[in-house]
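Listing of protein_30.cif, mmCIF, C-alpha atoms and all ligand atoms
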```
data_structure
loop_
_atom_site.group_PDB
_atom_site.id
_atom_site.type_symbol
_atom_site.label_atom_id
_atom_site.label_comp_id
_atom_site.auth_asym_id
_atom_site.auth_seq_id
_atom_site.Cartn_x
_atom_site.Cartn_y
_atom_site.Cartn_z
ATOM 1 C CA MET D 28 173.826 -154.836 -44.744
ATOM 2 C CA ARG D 29 174.046 -153.059 -48.042
ATOM 3 C CA THR D 30 170.383 -152.096 -47.957
ATOM 4 C CA LYS D 31 170.628 -150.794 -44.392
ATOM 5 C CA ALA D 32 173.650 -148.707 -45.207
ATOM 6 C CA THR D 33 171.938 -147.182 -48.216
ATOM 7 C CA THR D 34 168.859 -146.399 -46.177
ATOM 8 C CA ALA D 35 170.905 -144.787 -43.467
ATOM 9 C CA THR D 36 172.777 -142.694 -46.011
ATOM 10 C CA ALA D 37 169.527 -141.643 -47.637
ATOM 11 C CA ALA D 38 168.070 -140.718 -44.262
ATOM 12 C CA ALA D 39 171.163 -138.722 -43.423
ATOM 13 C CA SER D 40 170.904 -136.903 -46.735
ATOM 14 C CA VAL D 41 167.286 -136.008 -46.113
ATOM 15 C CA THR D 42 168.210 -134.697 -42.674
ATOM 16 C CA ALA D 43 171.079 -132.681 -44.114
ATOM 17 C CA VAL D 44 168.844 -131.183 -46.784
ATOM 18 C CA ALA D 45 166.191 -130.316 -44.220
ATOM 19 C CA ALA D 46 168.774 -128.654 -42.003
ATOM 20 C CA ALA D 47 170.224 -126.786 -44.948
ATOM 21 C CA VAL D 48 166.801 -125.393 -45.758
ATOM 22 C CA VAL D 49 165.653 -124.654 -42.214
ATOM 23 C CA LEU D 50 168.795 -123.207 -40.640
ATOM 24 C CA PRO D 51 169.286 -120.318 -43.065
ATOM 25 C CA LEU D 52 165.656 -119.350 -42.558
ATOM 26 C CA LEU D 53 166.173 -119.232 -38.813
ATOM 27 C CA THR D 54 169.444 -117.335 -38.903
ATOM 28 C CA ALA D 55 168.237 -114.945 -41.581
ATOM 29 C CA ALA D 56 165.185 -113.910 -39.577
ATOM 30 C CA PRO D 57 165.547 -110.328 -38.354
ATOM 31 C CA ALA D 58 166.521 -110.176 -34.689
ATOM 32 C CA ALA D 59 163.402 -109.200 -32.818
ATOM 33 C CA ALA D 60 163.975 -106.387 -30.352
ATOM 34 C CA ALA D 61 163.790 -107.674 -26.795
ATOM 35 C CA SER D 62 160.449 -106.826 -25.269
ATOM 36 C CA ARG D 63 160.024 -104.512 -22.305
ATOM 37 C CA GLN D 64 158.784 -107.483 -20.319
ATOM 38 C CA ASP D 65 161.777 -109.687 -21.191
ATOM 39 C CA LEU D 66 164.262 -106.924 -20.438
ATOM 40 C CA ALA D 67 162.673 -106.417 -17.016
ATOM 41 C CA LYS D 68 163.039 -110.141 -16.390
ATOM 42 C CA ASP D 69 166.707 -109.889 -17.372
ATOM 43 C CA VAL D 70 167.195 -107.082 -14.855
ATOM 44 C CA LEU D 71 165.539 -109.137 -12.118
ATOM 45 C CA ALA D 72 167.636 -112.193 -13.018
ATOM 46 C CA ASP D 73 170.927 -110.304 -12.590
ATOM 47 C CA ASP D 74 172.067 -110.821 -8.999
ATOM 48 C CA GLY D 75 174.465 -107.904 -9.430
ATOM 49 C CA ILE D 76 171.613 -105.434 -9.828
ATOM 50 C CA THR D 77 169.967 -104.472 -6.547
ATOM 51 C CA LEU D 78 166.627 -102.729 -6.796
ATOM 52 C CA LEU D 79 165.580 -100.828 -3.691
ATOM 53 C CA ASP D 80 162.297 -102.071 -2.242
ATOM 54 C CA SER D 81 161.714 -98.864 -0.279
ATOM 55 C CA HIS D 82 162.045 -95.117 -0.853
ATOM 56 C CA VAL D 83 165.129 -93.128 0.192
ATOM 57 C CA SER D 84 162.746 -90.349 1.281
ATOM 58 C CA GLY D 85 161.213 -92.677 3.855
ATOM 59 C CA ASN D 86 157.787 -92.348 2.233
ATOM 60 C CA ASP D 87 155.724 -95.502 2.267
ATOM 61 C CA HIS D 88 154.471 -96.541 -1.166
ATOM 62 C CA PRO D 89 155.483 -100.103 -2.031
ATOM 63 C CA GLU D 90 153.728 -99.797 -5.402
ATOM 64 C CA SER D 91 156.325 -97.354 -6.761
ATOM 65 C CA THR D 92 159.672 -98.656 -5.471
ATOM 66 C CA ALA D 93 162.387 -99.383 -8.005
ATOM 67 C CA GLU D 94 161.957 -103.097 -7.363
ATOM 68 C CA GLN D 95 158.186 -102.996 -7.832
ATOM 69 C CA ASN D 96 158.535 -100.916 -11.012
ATOM 70 C CA VAL D 97 160.621 -103.669 -12.566
ATOM 71 C CA ILE D 98 158.488 -106.525 -11.197
ATOM 72 C CA ASP D 99 155.350 -104.888 -12.616
ATOM 73 C CA THR D 100 157.068 -104.467 -15.978
ATOM 74 C CA SER D 101 158.276 -108.078 -15.966
ATOM 75 C CA GLU D 102 154.644 -109.123 -15.523
ATOM 76 C CA GLY D 103 153.482 -107.006 -18.447
ATOM 77 C CA ASN D 104 151.998 -104.263 -16.292
ATOM 78 C CA PRO D 105 152.785 -100.545 -16.168
ATOM 79 C CA ALA D 106 155.047 -99.108 -13.479
ATOM 80 C CA SER D 107 153.735 -96.609 -10.934
ATOM 81 C CA THR D 108 154.904 -93.143 -9.960
ATOM 82 C CA SER D 109 154.584 -91.950 -6.342
ATOM 83 C CA PRO D 110 151.755 -89.983 -4.690
ATOM 84 C CA TRP D 111 154.139 -87.259 -3.405
ATOM 85 C CA SER D 112 155.687 -86.704 -6.838
ATOM 86 C CA ASP D 113 154.876 -83.827 -9.199
ATOM 87 C CA VAL D 114 152.593 -86.104 -11.189
ATOM 88 C CA GLY D 115 150.917 -88.055 -8.392
ATOM 89 C CA VAL D 116 150.222 -91.726 -9.000
ATOM 90 C CA THR D 117 150.325 -92.470 -12.705
ATOM 91 C CA ASP D 118 150.981 -95.541 -14.825
ATOM 92 C CA VAL D 119 154.085 -95.452 -17.020
ATOM 93 C CA ASP D 120 155.688 -97.936 -19.368
ATOM 94 C CA LEU D 121 159.373 -98.228 -18.534
ATOM 95 C CA SER D 122 161.657 -97.339 -21.426
ATOM 96 C CA THR D 123 163.076 -100.300 -23.313
ATOM 97 C CA ASN D 124 166.191 -98.210 -24.039
ATOM 98 C CA MET D 125 166.654 -97.636 -20.305
ATOM 99 C CA LEU D 126 166.040 -101.307 -19.498
ATOM 100 C CA GLU D 127 168.560 -102.316 -22.169
ATOM 101 C CA GLY D 128 170.988 -99.867 -20.605
ATOM 102 C CA MET D 129 170.420 -101.373 -17.170
ATOM 103 C CA VAL D 130 171.019 -104.891 -18.472
ATOM 104 C CA SER D 131 174.210 -103.776 -20.239
ATOM 105 C CA LEU D 132 175.525 -101.912 -17.188
ATOM 106 C CA GLY D 133 174.921 -105.094 -15.190
ATOM 107 C CA LYS D 134 177.378 -106.967 -17.402
ATOM 108 C CA THR D 135 180.217 -104.741 -16.206
ATOM 109 C CA TYR D 136 179.124 -103.501 -12.784
ATOM 110 C CA SER D 137 177.134 -104.549 -9.800
ATOM 111 C CA TYR D 138 175.025 -101.594 -8.777
ATOM 112 C CA ARG D 139 172.075 -100.477 -6.691
ATOM 113 C CA VAL D 140 169.063 -98.623 -8.051
ATOM 114 C CA THR D 141 167.240 -96.262 -5.699
ATOM 115 C CA THR D 142 164.457 -95.147 -7.994
ATOM 116 C CA ILE D 143 163.084 -95.391 -11.502
ATOM 117 C CA ALA D 144 159.542 -94.037 -11.949
ATOM 118 C CA GLY D 145 158.910 -93.553 -8.231
ATOM 119 C CA GLY D 146 160.065 -90.826 -5.861
ATOM 120 C CA ASP D 147 160.022 -87.058 -6.210
ATOM 121 C CA HIS D 148 162.085 -85.316 -8.885
ATOM 122 C CA SER D 149 162.133 -82.092 -10.855
ATOM 123 C CA ALA D 150 158.735 -81.213 -12.326
ATOM 124 C CA THR D 151 159.429 -82.476 -15.837
ATOM 125 C CA SER D 152 161.805 -85.282 -14.855
ATOM 126 C CA TYR D 153 162.535 -88.178 -17.149
ATOM 127 C CA HIS D 154 161.743 -90.374 -14.144
ATOM 128 C CA TYR D 155 158.043 -89.624 -14.516
ATOM 129 C CA ALA D 156 158.229 -90.871 -18.109
ATOM 130 C CA GLY D 157 159.888 -94.105 -17.004
ATOM 131 C CA THR D 158 163.117 -93.349 -18.854
ATOM 132 C CA ALA D 159 165.508 -92.532 -15.971
ATOM 133 C CA VAL D 160 167.337 -94.572 -13.370
ATOM 134 C CA ASP D 161 169.176 -93.444 -10.226
ATOM 135 C CA ILE D 162 172.156 -95.470 -8.992
ATOM 136 C CA ASP D 163 173.695 -94.921 -5.543
ATOM 137 C CA GLN D 164 176.159 -97.812 -5.270
ATOM 138 C CA ILE D 165 178.670 -99.153 -7.780
ATOM 139 C CA ASP D 166 180.403 -102.462 -7.088
ATOM 140 C CA GLY D 167 179.449 -102.136 -3.441
ATOM 141 C CA ASP D 168 180.798 -98.613 -2.932
ATOM 142 C CA PRO D 169 178.596 -95.544 -2.415
ATOM 143 C CA VAL D 170 178.394 -92.944 -5.156
ATOM 144 C CA ASN D 171 180.208 -89.767 -4.088
ATOM 145 C CA SER D 172 182.792 -87.360 -5.453
ATOM 146 C CA GLY D 173 185.631 -89.648 -4.351
ATOM 147 C CA ASN D 174 184.367 -92.774 -6.114
ATOM 148 C CA SER D 175 186.494 -93.283 -9.222
ATOM 149 C CA LYS D 176 183.903 -95.557 -10.823
ATOM 150 C CA VAL D 177 181.365 -92.744 -11.011
ATOM 151 C CA SER D 178 182.949 -91.250 -14.125
ATOM 152 C CA GLU D 179 183.228 -94.741 -15.652
ATOM 153 C CA LEU D 180 179.557 -95.432 -15.057
ATOM 154 C CA LYS D 181 178.521 -92.042 -16.445
ATOM 155 C CA GLN D 182 180.558 -92.711 -19.570
ATOM 156 C CA ALA D 183 178.984 -96.161 -19.868
ATOM 157 C CA CYS D 184 175.513 -94.568 -19.732
ATOM 158 C CA GLU D 185 176.502 -92.151 -22.474
ATOM 159 C CA ASP D 186 177.834 -95.002 -24.589
ATOM 160 C CA LEU D 187 174.497 -96.769 -24.070
ATOM 161 C CA GLY D 188 172.590 -93.796 -25.453
ATOM 162 C CA ALA D 189 171.608 -91.897 -22.324
ATOM 163 C CA VAL D 190 170.821 -88.237 -23.069
ATOM 164 C CA GLU D 191 170.899 -86.852 -19.523
ATOM 165 C CA ILE D 192 173.653 -87.966 -17.170
ATOM 166 C CA LEU D 193 174.137 -86.359 -13.771
ATOM 167 C CA GLY D 194 176.148 -87.172 -10.661
ATOM 168 C CA PRO D 195 178.301 -85.746 -7.855
ATOM 169 C CA GLY D 196 179.025 -82.106 -8.633
ATOM 170 C CA ASP D 197 175.586 -81.591 -10.178
ATOM 171 C CA ALA D 198 172.947 -80.012 -7.935
ATOM 172 C CA GLY D 199 171.040 -82.648 -5.976
ATOM 173 C CA HIS D 200 173.142 -85.526 -7.264
ATOM 174 C CA ASP D 201 175.996 -85.818 -4.768
ATOM 175 C CA THR D 202 174.944 -89.326 -3.749
ATOM 176 C CA HIS D 203 173.715 -90.861 -6.976
ATOM 177 C CA VAL D 204 174.246 -91.110 -10.699
ATOM 178 C CA HIS D 205 171.222 -90.291 -12.839
ATOM 179 C CA CYS D 206 171.059 -91.718 -16.343
ATOM 180 C CA ALA D 207 168.074 -90.902 -18.551
ATOM 181 C CA TRP D 208 167.076 -91.874 -22.046
ATOM 182 C CA GLU D 209 165.034 -89.775 -24.449
ATOM 183 C CA SER D 210 162.346 -92.449 -24.732
HETATM 184 ZN ZN ZN B 301 167.388 -89.181 -11.300
#
```

Have the structure of the file written as structure tokens, please.
Amino acid sequence: MRTKATTATAAASVTAVAAAVVLPLLTAAPAAAASRQDLAKDVLADDGITLLDSHVSGNDHPESTAEQNVIDTSEGNPASTSPWSDVGVTDVDLSTNMLEGMVSLGKTYSYRVTTIAGGDHSATSYHYAGTAVDIDQIDGDPVNSGNSKVSELKQACEDLGAVEILGPGDAGHDTHVHCAWES
């Protein structure tokens, strides 16, 4: 009995020492920034984030819908712009800052995304760089001048580092909130 107890104690001590050495190494490691691919997966995994699988314009280009942009990114591939856009069909890497913003917004709101890199926008739009997202529904209600959550969402985008935030009252944005990041 005595021998067993000693052995067990010794084994426990070894385990404790090993843990004491290993754990600080793990916790001290710098937090790796989430990858573009992982962030896209997080967006897809959030049931509160709806990504449109068509274009509000009615144009047919499944390759550049908001949903396909994020699916492509989650698979490690570039996202596509749309043939009727100012830039034609190009490959863009979605912004990790924007994807982080989308994930964070999803923790507070359910929302619907109409477009990211796809669709037609102003000639030098952040959308074509993959750094802008358009949102037309917040917690199930359409974005318009009477939706009180619009100002909340715009503020949330600003708090998340967005540099261009537009919505009802801004030309061309009566039905959606546009949040864009610098890169
Ligand atoms: Zn926009």

Practice prompt. Record the distance separating atom CA of D:Glu127 and atom CA of D:Tyr155, expressed in Å with one decimal.
Written response: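 Atom CA of D:Tyr155 lies 18.2 Å from atom CA of D:Glu127.
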
Discussion item. For a cutoff of 12 Å around the file-coordinate point (181.8, -92.6, -10.7), which residues qualify once you count only C-alpha atoms? I'd like the result as a ChimeraX atom specification.
Written reply: /D:136,138,162-166,168-184,192-196,200-205

Worksheet item: Residues at most 10 Å from D:Thr117, counting all atoms listed in the file, excluding those fewer than 5 positions away in the same chain, as a ChimeraX atom specification?
Response: /D:91,105-110,112,144-145,155-156

Practice prompt. List the residues selected by the PyMOL selection byres (((chain D and resi 86) around 12) and not hetatm) in the file shown, writing them as a VMD selection string.
Written response: chain D and resid 80 to 85 87 to 92 109 to 112 145 to 147

Worksheet item: Of the candidates D:Ile76, D:Met125, D:Ala150, D:Val160, which shows the shortest atom-to-atom distance to D:Glu209, using all atoms listed in the file?
Response: D:Met125

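Closest to D:Asp118 among D:Thr142, D:Thr135, D:Ser101, D:Asn96 is D:Asn96, based on all atoms listed in the file.
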
Item to complete: Kindly give the distance, in Å, that separates atom CA of D:Ala72 and atom CA of D:Val190, rounded to a single decimal.
Response: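 Atom-to-atom, atom CA of D:Ala72 to atom CA of D:Val190, that is 26.2 Å.
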
Worksheet item: Which one of D:Asp186, D:Asp65, D:Asp73, D:Asp161 sits closest to ligand ZN 301 (chain B) if you count only C-alpha atoms and all ligand atoms?
Response: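 With only C-alpha atoms and all ligand atoms as the atom set, the closest residue is D:Asp161.
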
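You will find atom CA of D:Cys206 at 23.9 Å from atom CA of D:Glu102.
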
Fill in: Top pick for closest residue to D:Leu66, considering D:Ala189, D:Val119, D:Val97, D:Val140 and counting all atoms listed in the file
D:Val97

Item to complete: Could you check which of D:Ala198, D:Ala159, D:Met129, D:Val116 is closest to D:Val70, using all atoms listed in the file?
Response: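 Counting all atoms listed in the file, the residue closest to D:Val70 is D:Met129.
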
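Closest to ligand ZN 301 (chain B) among D:Gly167, D:Asp113, D:Asp99, D:His148 is D:His148, based on only C-alpha atoms and all ligand atoms.
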
Generate the missing atoms of stretch 156-173 of chain D up to N, CA and C atoms and report them as a PDB file, keeping the file's coordinate frame.
```
ATOM      1  N   ALA D 156     158.518 -90.238 -16.813  1.00  0.00           N
ATOM      2  CA  ALA D 156     158.229 -90.871 -18.109  1.00  0.00           C
ATOM      3  C   ALA D 156     158.743 -92.307 -18.151  1.00  0.00           C
ATOM      4  N   GLY D 157     159.386 -92.729 -17.053  1.00  0.00           N
ATOM      5  CA  GLY D 157     159.888 -94.105 -17.004  1.00  0.00           C
ATOM      6  C   GLY D 157     161.157 -94.312 -17.811  1.00  0.00           C
ATOM      7  N   THR D 158     161.915 -93.215 -18.025  1.00  0.00           N
ATOM      8  CA  THR D 158     163.117 -93.349 -18.854  1.00  0.00           C
ATOM      9  C   THR D 158     164.407 -93.050 -18.089  1.00  0.00           C
ATOM     10  N   ALA D 159     164.316 -92.879 -16.754  1.00  0.00           N
ATOM     11  CA  ALA D 159     165.508 -92.532 -15.971  1.00  0.00           C
ATOM     12  C   ALA D 159     165.709 -93.487 -14.806  1.00  0.00           C
ATOM     13  N   VAL D 160     166.978 -93.700 -14.487  1.00  0.00           N
ATOM     14  CA  VAL D 160     167.337 -94.572 -13.370  1.00  0.00           C
ATOM     15  C   VAL D 160     168.371 -93.866 -12.496  1.00  0.00           C
ATOM     16  N   ASP D 161     168.216 -93.999 -11.175  1.00  0.00           N
ATOM     17  CA  ASP D 161     169.176 -93.444 -10.226  1.00  0.00           C
ATOM     18  C   ASP D 161     169.951 -94.584  -9.580  1.00  0.00           C
ATOM     19  N   ILE D 162     171.272 -94.425  -9.526  1.00  0.00           N
ATOM     20  CA  ILE D 162     172.156 -95.470  -8.992  1.00  0.00           C
ATOM     21  C   ILE D 162     172.995 -94.877  -7.863  1.00  0.00           C
ATOM     22  N   ASP D 163     172.958 -95.499  -6.675  1.00  0.00           N
ATOM     23  CA  ASP D 163     173.695 -94.921  -5.543  1.00  0.00           C
ATOM     24  C   ASP D 163     174.838 -95.789  -5.040  1.00  0.00           C
ATOM     25  N   GLN D 164     175.008 -96.976  -5.624  1.00  0.00           N
ATOM     26  CA  GLN D 164     176.159 -97.812  -5.270  1.00  0.00           C
ATOM     27  C   GLN D 164     176.684 -98.478  -6.529  1.00  0.00           C
ATOM     28  N   ILE D 165     178.018 -98.490  -6.653  1.00  0.00           N
ATOM     29  CA  ILE D 165     178.670 -99.153  -7.780  1.00  0.00           C
ATOM     30  C   ILE D 165     179.676-100.154  -7.229  1.00  0.00           C
ATOM     31  N   ASP D 166     179.520-101.398  -7.584  1.00  0.00           N
ATOM     32  CA  ASP D 166     180.403-102.462  -7.088  1.00  0.00           C
ATOM     33  C   ASP D 166     180.564-102.388  -5.563  1.00  0.00           C
ATOM     34  N   GLY D 167     179.466-102.108  -4.898  1.00  0.00           N
ATOM     35  CA  GLY D 167     179.449-102.136  -3.441  1.00  0.00           C
ATOM     36  C   GLY D 167     179.852-100.841  -2.764  1.00  0.00           C
ATOM     37  N   ASP D 168     180.364 -99.880  -3.529  1.00  0.00           N
ATOM     38  CA  ASP D 168     180.798 -98.613  -2.932  1.00  0.00           C
ATOM     39  C   ASP D 168     179.793 -97.501  -3.212  1.00  0.00           C
ATOM     40  N   PRO D 169     179.569 -96.623  -2.222  1.00  0.00           N
ATOM     41  CA  PRO D 169     178.596 -95.544  -2.415  1.00  0.00           C
ATOM     42  C   PRO D 169     179.056 -94.538  -3.471  1.00  0.00           C
ATOM     43  N   VAL D 170     178.098 -94.005  -4.185  1.00  0.00           N
ATOM     44  CA  VAL D 170     178.394 -92.944  -5.156  1.00  0.00           C
ATOM     45  C   VAL D 170     178.678 -91.655  -4.388  1.00  0.00           C
ATOM     46  N   ASN D 171     179.849 -91.084  -4.623  1.00  0.00           N
ATOM     47  CA  ASN D 171     180.208 -89.767  -4.088  1.00  0.00           C
ATOM     48  C   ASN D 171     181.355 -89.228  -4.937  1.00  0.00           C
ATOM     49  N   SER D 172     181.791 -88.018  -4.604  1.00  0.00           N
ATOM     50  CA  SER D 172     182.792 -87.360  -5.453  1.00  0.00           C
ATOM     51  C   SER D 172     184.137 -88.076  -5.428  1.00  0.00           C
ATOM     52  N   GLY D 173     184.348 -88.958  -4.431  1.00  0.00           N
ATOM     53  CA  GLY D 173     185.631 -89.648  -4.351  1.00  0.00           C
ATOM     54  C   GLY D 173     185.624 -91.026  -4.979  1.00  0.00           C
TER      55      GLY D 173
END
```
